[in-house]
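Structure, as structure tokens:
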Amino acid sequence: MSSVHGTDVEYVADLAGIFVFAVTGALVAVRKRFDVVGMAVLAEITALGGGVLRDLVIGAVPPAAFRDLGYTAVPLVATALTVVWHPHLERIRRTVLVLDAAGLGLFSVVGAMKALTYGLGAPAATALGVTTAIGGGILRDVLAREVPSVLHDRQLYIVPALLGATTATIAYGLGARGYLVTLVTAALAFGVRLLAIRLRWRMPRARGLEDRT
């Protein structure tokens with residue numbers, strides 16, 4: 001265990017989530033016809049933005065993303081792979097959505113648990129778990145000149161993140177901690193997100209608006 005990584009499980013989960021989110025950021029850059037530098041910037045922002053925001057709030061400064069080369073190197077690796085393989089990644093878009101759901105679950109849980117270890121209460125930790133999961137995506141969409149997808153959460157993106165962060169926070173409060181809790185709570189968020197995609201679950205719109213999606 002180290003002060004930068006927290007636990008080995010959290011560190012591995014962080015890197016896995018970072019890679020997945022970096023790929024999604026790089027793919028957005030490809031669709032926007034950005035060059036390689038633009039791809040790398042969106043990959044880094046998507047992968048690290050939420051975690052940096054969380055660390056700044058809880059006082060873990062400088063943020064882990066700036067203290068460990070692995071955090072910044074993984075998005076660059078993801079960018080390089082996307083440069084070469086993006087036609088294949090676009091064709092397996094559904095697989096990318098599955099990976100994104102996995103990253104969402106991991107980040108929501110790891111983010112909440114890190115906030116708890118820094119002494120924050122359950123509501124704040126839950127909010128920061130969600131922030132960790134969606135913060136980078138919001139920054140990515142803003143830079144890509146798109147309305148952040150979380151503002152029209154039609155496929156239940158925030159809801160699974162909130163569920164993962166909440167269950168992780170409850171488990172922590174009950175004294176249940178460790179890699180198994182991380183995996184189970186992340187899997188719960190992951191599963192709900194996949195069901196939302198597969199079954200086309202939708203959040204309601206304001207009364208009277210047509211549902212075109």
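Here's how to read the names in the structure tokens: chain A, B, ... by the order shown, residue numbers from 1 in each chain, ligand numbers from 1 in the order shown.
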Exercise for the section: Would you return as a ChimeraX atom specification the members of segment 46-142 of chain A that DSSP assigns to alpha helix (DSSP H) on this structure's backbone? Expected result: /A:46-58,69-91,93-117,122-142
Handout entry: Spatial neighbours of Val37 of chain A, 12 Å, only C-alpha atoms, chain gap at least 3 places, as a ChimeraX atom specification
Key = /A:26,29-30,33-34,40-44,76,79-80,83
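Nearest residue to Thr131 of chain A among A:Ala64, A:Val12, A:Ala196, A:Val57 is A:Val57, counting only C-alpha atoms.
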Fill in the blank from the handout: Shortest contact to His88 of chain A, candidates A:Ile45, A:Lys114, A:Leu27, A:Ile134, atoms counted only C-alpha atoms, goes to A:Leu27
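From atom CA of Glu146 of chain A back to atom CA of Ile58 of chain A, the distance works out to 28.9 Å.
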